[in-house]
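**Student:** What follows is coords11.txt; its format and atoms are compact mmCIF, C-alpha atoms.
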# COMPACT_ATOMS: atom_id res chain seq x y z
CA MET F 1 0.00 0.00 0.00
CA HIS F 2 1.29 3.41 -0.91
CA PHE F 3 0.74 6.54 1.17
CA LYS F 4 0.54 9.94 -0.41
CA ALA F 5 3.01 12.30 1.22
CA PRO F 6 1.40 15.48 2.57
CA LYS F 7 2.25 18.75 0.98
CA CYS F 8 4.85 20.76 2.84
CA VAL F 9 3.49 23.78 4.64
CA PRO F 10 5.78 26.82 4.70
CA LEU F 11 7.03 27.41 8.26
CA LEU F 12 5.92 31.05 8.40
CA ALA F 13 2.43 30.12 7.24
CA LEU F 14 2.22 27.39 9.88
CA VAL F 15 3.33 29.75 12.66
CA ALA F 16 0.79 32.36 11.50
CA ALA F 17 -1.96 29.74 11.50
CA LEU F 18 -1.07 28.62 15.02
CA HIS F 19 -1.15 32.20 16.28
CA ALA F 20 -4.48 32.79 14.59
CA ASN F 21 -5.95 29.72 16.27
CA SER F 22 -4.54 30.62 19.69
CA ALA F 23 -5.96 34.13 19.40
CA ASP F 24 -9.44 32.61 19.11
CA VAL F 25 -9.09 30.83 22.45
CA PRO F 26 -10.59 33.03 25.19
CA VAL F 27 -8.61 33.75 28.33
CA LEU F 28 -10.24 31.94 31.26
CA VAL F 29 -10.61 33.95 34.48
CA CYS F 30 -11.91 32.45 37.72
CA VAL F 31 -13.65 34.36 40.53
CA ASP F 32 -15.04 33.29 43.89
CA ALA F 33 -18.52 31.76 43.69
CA ALA F 34 -19.51 32.83 47.21
CA ASN F 35 -18.33 36.36 47.94
CA PRO F 36 -21.17 38.78 47.06
CA PRO F 37 -21.35 41.62 46.20
CA PHE F 38 -17.79 41.31 44.88
CA MET F 39 -18.06 37.99 43.07
CA SER F 40 -20.49 35.11 43.13
CA LEU F 41 -22.34 32.53 41.08
CA VAL F 42 -25.81 33.71 40.05
CA ASP F 43 -28.02 31.68 37.70
CA GLY F 44 -24.98 29.73 36.52
CA LYS F 45 -22.94 32.83 35.68
CA ALA F 46 -20.18 34.86 37.35
CA ALA F 47 -21.70 38.01 38.84
CA GLY F 48 -20.69 40.94 41.02
CA LEU F 49 -18.12 43.71 41.09
CA TYR F 50 -15.02 41.85 39.87
CA PRO F 51 -16.62 39.94 37.00
CA ARG F 52 -18.10 43.21 35.79
CA LEU F 53 -14.88 45.24 36.07
CA ILE F 54 -12.68 42.51 34.64
CA ALA F 55 -15.00 41.66 31.74
CA THR F 56 -15.33 45.36 30.83
CA ALA F 57 -11.57 45.98 30.97
CA LEU F 58 -10.76 42.90 28.89
CA GLN F 59 -13.38 43.93 26.33
CA VAL F 60 -11.85 47.42 26.14
CA ALA F 61 -8.44 45.75 25.79
CA GLY F 62 -9.67 43.65 22.89
CA VAL F 63 -8.99 40.39 24.74
CA SER F 64 -11.48 37.55 24.33
CA ALA F 65 -12.28 36.16 27.78
CA LYS F 66 -14.55 33.76 29.66
CA LEU F 67 -15.33 34.32 33.35
CA ASP F 68 -16.17 31.40 35.59
CA ALA F 69 -17.29 31.43 39.26
CA ARG F 70 -16.02 28.55 41.39
CA PRO F 71 -15.19 27.89 45.06
CA TRP F 72 -12.20 30.11 45.87
CA LYS F 73 -9.96 27.22 46.89
CA ARG F 74 -10.54 25.63 43.49
CA CYS F 75 -9.72 28.92 41.73
CA ILE F 76 -6.38 29.07 43.53
CA ALA F 77 -5.64 25.40 42.82
CA ASP F 78 -6.28 25.95 39.10
CA LEU F 79 -4.19 29.13 39.18
CA ASP F 80 -1.31 27.14 40.69
CA GLU F 81 -1.63 24.71 37.78
CA ALA F 82 -1.59 27.64 35.29
CA ARG F 83 -5.00 26.64 33.93
CA LEU F 84 -6.51 30.11 34.27
CA GLY F 85 -6.28 33.59 35.74
CA VAL F 86 -7.93 34.68 38.99
CA GLY F 87 -9.68 37.99 39.59
CA GLY F 88 -10.16 39.81 42.90
CA ILE F 89 -7.00 38.29 44.40
CA TYR F 90 -4.65 39.88 46.97
CA LYS F 91 -0.88 40.04 46.80
CA ASN F 92 1.33 38.49 49.44
CA GLU F 93 4.96 37.35 49.52
CA GLU F 94 4.21 33.77 48.55
CA ARG F 95 1.94 34.75 45.67
CA LEU F 96 4.42 37.28 44.29
CA ARG F 97 6.86 34.42 43.80
CA LYS F 98 4.35 32.42 41.75
CA TYR F 99 2.05 34.85 39.95
CA ASP F 100 2.13 37.86 37.63
CA PHE F 101 -0.24 40.61 38.77
CA SER F 102 -2.13 43.40 37.03
CA GLU F 103 -2.40 46.94 38.28
CA PRO F 104 -4.89 47.31 41.18
CA ILE F 105 -8.55 46.87 40.27
CA PHE F 106 -10.16 47.93 43.54
CA VAL F 107 -9.26 48.51 47.21
CA GLU F 108 -11.00 46.33 49.78
CA LYS F 109 -11.28 47.07 53.50
CA MET F 110 -11.16 43.94 55.65
CA ALA F 111 -13.51 44.58 58.57
CA VAL F 112 -13.72 42.77 61.90
CA TYR F 113 -17.19 41.82 63.18
CA PHE F 114 -18.14 40.65 66.67
CA HIS F 115 -21.18 39.77 68.79
CA THR F 116 -22.31 42.50 71.19
CA SER F 117 -22.49 39.98 74.02
CA ARG F 118 -18.74 39.47 73.53
CA PRO F 119 -17.35 42.96 72.87
CA LEU F 120 -14.04 43.08 71.00
CA ASP F 121 -11.71 46.05 71.30
CA PHE F 122 -9.87 45.38 68.08
CA ALA F 123 -6.49 47.12 67.80
CA GLY F 124 -4.64 44.78 65.44
CA THR F 125 -3.97 41.10 64.74
CA GLU F 126 -2.78 40.51 68.31
CA SER F 127 -6.28 41.44 69.55
CA LEU F 128 -7.57 38.20 68.00
CA ALA F 129 -5.27 35.91 70.00
CA GLY F 130 -7.29 33.41 72.00
CA LYS F 131 -10.43 34.12 69.94
CA ARG F 132 -12.28 31.84 67.53
CA VAL F 133 -12.05 33.74 64.24
CA GLY F 134 -14.19 32.93 61.23
CA VAL F 135 -12.48 33.09 57.83
CA VAL F 136 -13.24 31.92 54.29
CA ARG F 137 -11.42 28.82 53.11
CA GLY F 138 -8.58 29.56 50.66
CA TRP F 139 -8.43 33.29 51.39
CA SER F 140 -5.31 35.21 52.38
CA TYR F 141 -5.82 37.81 55.11
CA GLY F 142 -2.45 39.48 54.72
CA ASP F 143 1.07 38.32 55.55
CA THR F 144 0.87 39.26 59.25
CA PHE F 145 -2.41 37.46 59.89
CA ASP F 146 -1.52 34.43 57.74
CA LYS F 147 1.82 34.01 59.52
CA ALA F 148 0.16 34.25 62.95
CA VAL F 149 -2.19 31.42 61.90
CA ARG F 150 0.70 29.27 60.60
CA ASP F 151 2.63 29.87 63.83
CA GLY F 152 -0.34 28.75 65.91
CA LYS F 153 -0.84 32.17 67.49
CA LEU F 154 -4.38 32.52 66.11
CA THR F 155 -7.26 30.05 65.94
CA VAL F 156 -9.36 30.19 62.79
CA GLU F 157 -12.41 28.27 61.63
CA GLU F 158 -12.74 27.98 57.86
CA VAL F 159 -16.00 27.90 55.92
CA ALA F 160 -16.98 28.32 52.27
CA SER F 161 -18.66 31.75 52.48
CA ASP F 162 -19.11 34.94 54.50
CA ALA F 163 -22.79 34.06 54.98
CA GLN F 164 -21.86 30.92 56.92
CA ASN F 165 -19.49 32.89 59.14
CA PHE F 166 -22.13 35.48 59.99
CA GLN F 167 -24.60 32.74 60.86
CA LYS F 168 -22.06 31.22 63.24
CA LEU F 169 -21.29 34.63 64.75
CA ALA F 170 -24.98 35.38 65.34
CA ALA F 171 -25.26 31.98 67.06
CA LYS F 172 -22.24 32.87 69.25
CA ARG F 173 -20.20 30.02 67.81
CA LEU F 174 -17.44 32.47 66.89
CA ASP F 175 -15.82 35.41 68.66
CA ALA F 176 -15.00 37.36 65.51
CA VAL F 177 -15.50 37.23 61.75
CA LEU F 178 -13.33 38.79 59.06
CA ALA F 179 -15.14 40.06 55.96
CA ILE F 180 -14.82 42.79 53.35
CA GLU F 181 -16.82 45.79 54.55
CA GLU F 182 -19.24 45.90 51.60
CA ALA F 183 -19.83 42.13 51.78
CA GLY F 184 -20.52 42.33 55.51
CA ALA F 185 -22.85 45.30 55.10
CA ALA F 186 -24.79 43.48 52.37
CA LEU F 187 -25.24 40.40 54.56
CA LEU F 188 -26.40 42.44 57.56
CA LYS F 189 -28.81 44.35 55.33
CA THR F 190 -30.32 41.10 54.06
CA LYS F 191 -30.49 39.53 57.51
CA PRO F 192 -30.27 42.40 60.00
CA SER F 193 -28.86 41.58 63.41
CA ALA F 194 -28.49 44.17 66.13
CA ASP F 195 -26.26 41.68 67.95
CA VAL F 196 -23.50 41.86 65.30
CA GLN F 197 -21.33 44.95 65.09
CA LYS F 198 -18.32 46.08 63.09
CA SER F 199 -15.12 47.28 64.71
CA PRO F 200 -14.21 50.86 63.73
CA ARG F 201 -10.69 49.68 62.92
CA TYR F 202 -9.93 47.50 59.87
CA LEU F 203 -7.60 44.51 59.75
CA PHE F 204 -6.19 45.99 56.55
CA GLU F 205 -7.00 47.94 53.40
CA ASN F 206 -5.89 45.84 50.45
CA PRO F 207 -5.88 46.40 46.70
CA THR F 208 -7.12 43.54 44.52
CA TYR F 209 -5.76 42.31 41.19
CA LEU F 210 -6.06 40.02 38.20
CA ALA F 211 -3.30 37.39 38.35
CA PHE F 212 -1.88 34.58 36.23
CA ASN F 213 0.67 31.92 37.04
CA LYS F 214 4.09 33.04 35.80
CA SER F 215 4.39 29.88 33.71
CA ALA F 216 1.21 30.82 31.81
CA ASP F 217 3.11 33.68 30.10
CA GLN F 218 0.19 36.11 30.14
CA LYS F 219 2.22 39.31 30.53
CA THR F 220 0.95 40.66 27.21
CA THR F 221 -2.64 40.11 28.36
CA LEU F 222 -1.88 41.91 31.63
CA GLU F 223 -0.27 44.83 29.77
CA LYS F 224 -3.40 45.25 27.65
CA PHE F 225 -5.60 44.86 30.72
CA ASN F 226 -3.59 47.50 32.63
CA LYS F 227 -4.00 50.02 29.80
CA ALA F 228 -7.74 49.40 29.78
CA ILE F 229 -8.00 49.77 33.57
CA SER F 230 -6.05 53.03 33.38
CA HIS F 231 -8.41 54.32 30.68
CA LEU F 232 -11.50 53.34 32.70
CA LYS F 233 -10.11 55.08 35.78
CA LYS F 234 -9.26 58.29 33.91
CA THR F 235 -12.70 58.51 32.32
CA GLY F 236 -14.47 57.76 35.61
CA GLN F 237 -16.11 54.66 34.15
CA LEU F 238 -14.42 52.32 36.63
CA ASN F 239 -15.88 54.18 39.58
CA THR F 240 -19.32 54.21 37.93
CA LEU F 241 -19.19 50.47 37.29
CA ALA F 242 -18.11 49.81 40.89
CA THR F 243 -20.87 51.95 42.35
CA GLU F 244 -23.51 50.26 40.21
CA ALA F 245 -22.26 46.74 40.98
CA LEU F 246 -22.05 47.28 44.74
CA SER F 247 -25.48 48.90 44.92
CA GLN F 248 -27.29 45.93 43.36
If you convert what's in this file into C-alpha cells, what do you get?

**Tutor:**
Amino acid sequence: MHFKAPKCVPLLALVAALHANSADVPVLVCVDAANPPFMSLVDGKAAGLYPRLIATALQVAGVSAKLDARPWKRCIADLDEARLGVGGIYKNEERLRKYDFSEPIFVEKMAVYFHTSRPLDFAGTESLAGKRVGVVRGWSYGDTFDKAVRDGKLTVEEVASDAQNFQKLAAKRLDAVLAIEEAGAALLKTKPSADVQKSPRYLFENPTYLAFNKSADQKTTLEKFNKAISHLKKTGQLNTLATEALSQ
C-alpha cells in the first residue's frame, strides 16, 4: 500500500496559523462563587463587582475572555496549575513568587465583626489571639495574619462563604468574623442583626488584582488589561461600574 506524502506547509504560514488559532481561544478567568457583592455565582454565571470590572476591561483591551465562578480554593488550585487567571485576588509574599499581577482593580477594606455579648476592642492582629475567628477557606488575610495562623498564634475556623461565618457569629459560635466591609454590610442588610457589630478599625486595606501563574506567560494580556483599567479610571467609568455593581 502506498501513502501519499502530505504537501509541505511553509514554516511562516504554519506559525501564522497557530497564532491565529490561539488568538481565538478566550482567556479563562476564575472568581469566587460565594463572595457577594464582589463575586459570586448567580443563575450559573459569574456576577458581582469583579466579573463586571474585569470583563469590561478585557473587552476594552480587545482580549477575548470567559469568566467562571467557582469555590475560591478551586480557583487558587487551578491558578497554581496555570489553567486560568484569577480575579479579585490579593498580593502576598508567597503569591508574588508564583504569579504575575495586574495593576490594582479595587481597594477592599477587611472589617472585623463581633457579637455585642462578647465585645471586641480590636487594635490589630494581636487582639484576636485566644479568639475563635471565622475566615473563608482559601483566602489570604495578609502576611501578618496568615503568619500568625501558621505559627499557631491565632485560631481560625474555615467555611466556604461569608454568609456561613455570619450565621455562626450570630449563634455565638465564633468570637469574631473577618469580611470585606461591603460584603458584611450586604449580609447584615439582608439579615439584619443588632447583635452583630463592626469594629471601627480594619484589619487591613488591600488592593485587589487580576493574576496569572508566571508559567502561563500572560504578561501581554496583563499589559493590555492594565491600559484598559487606566483608561477606565481616567474617564471615571471604573468608579461608575463599581458603584452600580455594589449597589445591586

**Student:** Find the residues of segment 136-218 of chain F that sit at most 12 Å from segment 65-73 of chain F; for each, write down the nearest two atoms and how far apart they are in Å, to one decimal. Count all atoms listed in the file. Sort by chain, then by number going up, and give it as JSON lines.

**Tutor:**
{"residue": "F:Val136", "atom": "CA", "partner": "F:Trp72", "partner_atom": "CA", "distance": 8.7}
{"residue": "F:Arg137", "atom": "CA", "partner": "F:Lys73", "partner_atom": "CA", "distance": 6.6}
{"residue": "F:Gly138", "atom": "CA", "partner": "F:Lys73", "partner_atom": "CA", "distance": 4.6}
{"residue": "F:Trp139", "atom": "CA", "partner": "F:Trp72", "partner_atom": "CA", "distance": 7.4}
{"residue": "F:Ser140", "atom": "CA", "partner": "F:Lys73", "partner_atom": "CA", "distance": 10.8}
{"residue": "F:Glu158", "atom": "CA", "partner": "F:Lys73", "partner_atom": "CA", "distance": 11.3}
{"residue": "F:Val159", "atom": "CA", "partner": "F:Lys73", "partner_atom": "CA", "distance": 10.9}
{"residue": "F:Ala160", "atom": "CA", "partner": "F:Pro71", "partner_atom": "CA", "distance": 7.4}
{"residue": "F:Ser161", "atom": "CA", "partner": "F:Pro71", "partner_atom": "CA", "distance": 9.1}
{"residue": "F:Leu210", "atom": "CA", "partner": "F:Leu67", "partner_atom": "CA", "distance": 11.9}

**Student:** Write out as an mmCIF file with C-alpha atoms, in the coordinates of the input each polymer residue whose atoms come within 12 Å of Thr116 of chain F, counting all atoms listed in the file; drop sequence neighbours fewer than 6 positions from it.

**Tutor:**
data_model
loop_
_atom_site.group_PDB
_atom_site.id
_atom_site.type_symbol
_atom_site.label_atom_id
_atom_site.label_comp_id
_atom_site.auth_asym_id
_atom_site.auth_seq_id
_atom_site.Cartn_x
_atom_site.Cartn_y
_atom_site.Cartn_z
ATOM 1 C CA LEU F 169 -21.290 34.630 64.750
ATOM 2 C CA ALA F 170 -24.980 35.380 65.340
ATOM 3 C CA ALA F 171 -25.260 31.980 67.060
ATOM 4 C CA LYS F 172 -22.240 32.870 69.250
ATOM 5 C CA LEU F 174 -17.440 32.470 66.890
ATOM 6 C CA ASP F 175 -15.820 35.410 68.660
ATOM 7 C CA ALA F 176 -15.000 37.360 65.510
ATOM 8 C CA SER F 193 -28.860 41.580 63.410
ATOM 9 C CA ALA F 194 -28.490 44.170 66.130
ATOM 10 C CA ASP F 195 -26.260 41.680 67.950
ATOM 11 C CA VAL F 196 -23.500 41.860 65.300
ATOM 12 C CA GLN F 197 -21.330 44.950 65.090
ATOM 13 C CA LYS F 198 -18.320 46.080 63.090
ATOM 14 C CA SER F 199 -15.120 47.280 64.710
#

**Student:** Which of these residues is nearest to Lys98 of chain F, using only C-alpha atoms: F:Leu41, F:Ile180, F:Ala216, F:Leu188?

**Tutor:**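 Going through F:Leu41, F:Ile180, F:Ala216, F:Leu188 one by one, the smallest distance to Lys98 of chain F is for F:Ala216.
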
**Student:** Give me, as a list in words, all polymer residues having an atom no more than 12 Å from Val149 of chain F, counting all atoms listed in the file and skipping those fewer than 5 positions away in the same chain.

**Tutor:**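 Contacts, in chain order: Thr125, Glu126, Leu128, Ala129, Gly130, Lys131, Arg132, Val133, Val135, Ser140, Tyr141, Gly142, Asp143, Thr144, Leu154, Thr155, Val156, Glu157 and Glu158 of chain F.
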
**Student:** Grab the residues selected above and save them as a PDB file, in the coordinates of the input with C-alpha atoms.

**Tutor:**
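Okay, again-v1.pdb is ready:
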ATOM      1  CA  THR F 125      -3.970  41.100  64.740  1.00  0.00           C
ATOM      2  CA  GLU F 126      -2.780  40.510  68.310  1.00  0.00           C
ATOM      3  CA  LEU F 128      -7.570  38.200  68.000  1.00  0.00           C
ATOM      4  CA  ALA F 129      -5.270  35.910  70.000  1.00  0.00           C
ATOM      5  CA  GLY F 130      -7.290  33.410  72.000  1.00  0.00           C
ATOM      6  CA  LYS F 131     -10.430  34.120  69.940  1.00  0.00           C
ATOM      7  CA  ARG F 132     -12.280  31.840  67.530  1.00  0.00           C
ATOM      8  CA  VAL F 133     -12.050  33.740  64.240  1.00  0.00           C
ATOM      9  CA  VAL F 135     -12.480  33.090  57.830  1.00  0.00           C
ATOM     10  CA  SER F 140      -5.310  35.210  52.380  1.00  0.00           C
ATOM     11  CA  TYR F 141      -5.820  37.810  55.110  1.00  0.00           C
ATOM     12  CA  GLY F 142      -2.450  39.480  54.720  1.00  0.00           C
ATOM     13  CA  ASP F 143       1.070  38.320  55.550  1.00  0.00           C
ATOM     14  CA  THR F 144       0.870  39.260  59.250  1.00  0.00           C
ATOM     15  CA  LEU F 154      -4.380  32.520  66.110  1.00  0.00           C
ATOM     16  CA  THR F 155      -7.260  30.050  65.940  1.00  0.00           C
ATOM     17  CA  VAL F 156      -9.360  30.190  62.790  1.00  0.00           C
ATOM     18  CA  GLU F 157     -12.410  28.270  61.630  1.00  0.00           C
ATOM     19  CA  GLU F 158     -12.740  27.980  57.860  1.00  0.00           C
TER      20      GLU F 158
END

**Student:** Could you give me the axis-aligned bounding box of segment 200-216 of chain F, with 4 Å of padding per side, as centre plus edge lengths in Å to one decimal, as JSON?

**Tutor:**
{"center_x": -4.9, "center_y": 40.4, "center_z": 47.8, "size_x": 26.6, "size_y": 29.0, "size_z": 39.9}

**Student:** Give me the residues near Ala183 of chain F as a list in words, where near means some atom within 8 Å (using only C-alpha atoms) and where sequence neighbours in that chain fewer than 6 positions away do not count.

**Tutor:**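 After dropping sequence-adjacent residues, the list is Asn35, Pro36, Pro37, Phe38 and Asp162 of chain F.
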
**Student:** Once N, CA, C and O atoms are restored for segment 152-169 of chain F, what would the output be as a CSV table (one decimal), in the frame of the given file?

**Tutor:**
chain,number,residue,atom,x,y,z
F,152,GLY,N,0.5,29.2,64.8
F,152,GLY,CA,-0.3,28.8,65.9
F,152,GLY,C,-0.7,29.8,66.9
F,152,GLY,O,-1.2,29.5,68.0
F,153,LYS,N,-0.5,31.1,66.6
F,153,LYS,CA,-0.8,32.2,67.5
F,153,LYS,C,-2.3,32.6,67.4
F,153,LYS,O,-2.8,33.3,68.3
F,154,LEU,N,-3.0,32.2,66.3
F,154,LEU,CA,-4.4,32.5,66.1
F,154,LEU,C,-5.2,31.3,65.8
F,154,LEU,O,-4.6,30.4,65.1
F,155,THR,N,-6.4,31.2,66.2
F,155,THR,CA,-7.3,30.0,65.9
F,155,THR,C,-8.3,30.5,65.0
F,155,THR,O,-9.1,31.4,65.3
F,156,VAL,N,-8.4,29.8,63.8
F,156,VAL,CA,-9.4,30.2,62.8
F,156,VAL,C,-10.2,29.0,62.5
F,156,VAL,O,-9.8,27.8,62.6
F,157,GLU,N,-11.5,29.3,62.1
F,157,GLU,CA,-12.4,28.3,61.6
F,157,GLU,C,-12.8,28.6,60.2
F,157,GLU,O,-13.3,29.7,59.9
F,158,GLU,N,-12.5,27.7,59.3
F,158,GLU,CA,-12.7,28.0,57.9
F,158,GLU,C,-14.1,27.5,57.4
F,158,GLU,O,-14.5,26.4,57.7
F,159,VAL,N,-14.7,28.3,56.6
F,159,VAL,CA,-16.0,27.9,55.9
F,159,VAL,C,-15.9,28.3,54.5
F,159,VAL,O,-14.9,28.9,54.0
F,160,ALA,N,-17.0,28.0,53.7
F,160,ALA,CA,-17.0,28.3,52.3
F,160,ALA,C,-17.4,29.7,51.9
F,160,ALA,O,-17.2,30.2,50.8
F,161,SER,N,-18.1,30.4,52.8
F,161,SER,CA,-18.7,31.8,52.5
F,161,SER,C,-18.8,32.7,53.7
F,161,SER,O,-18.8,32.2,54.9
F,162,ASP,N,-18.9,34.0,53.4
F,162,ASP,CA,-19.1,34.9,54.5
F,162,ASP,C,-20.4,34.7,55.2
F,162,ASP,O,-20.6,34.8,56.4
F,163,ALA,N,-21.5,34.3,54.4
F,163,ALA,CA,-22.8,34.1,55.0
F,163,ALA,C,-22.7,33.0,56.1
F,163,ALA,O,-23.4,33.2,57.1
F,164,GLN,N,-22.0,32.0,55.9
F,164,GLN,CA,-21.9,30.9,56.9
F,164,GLN,C,-21.2,31.5,58.2
F,164,GLN,O,-21.6,31.2,59.3
F,165,ASN,N,-20.2,32.3,58.0
F,165,ASN,CA,-19.5,32.9,59.1
F,165,ASN,C,-20.4,33.8,60.0
F,165,ASN,O,-20.4,33.8,61.2
F,166,PHE,N,-21.2,34.6,59.3
F,166,PHE,CA,-22.1,35.5,60.0
F,166,PHE,C,-23.2,34.7,60.7
F,166,PHE,O,-23.7,35.1,61.8
F,167,GLN,N,-23.6,33.6,60.2
F,167,GLN,CA,-24.6,32.7,60.9
F,167,GLN,C,-24.0,32.2,62.1
F,167,GLN,O,-24.6,32.2,63.2
F,168,LYS,N,-22.7,31.8,62.1
F,168,LYS,CA,-22.1,31.2,63.2
F,168,LYS,C,-21.8,32.3,64.3
F,168,LYS,O,-21.9,32.1,65.5
F,169,LEU,N,-21.5,33.5,63.8
F,169,LEU,CA,-21.3,34.6,64.8
F,169,LEU,C,-22.6,35.0,65.5
F,169,LEU,O,-22.6,35.2,66.7
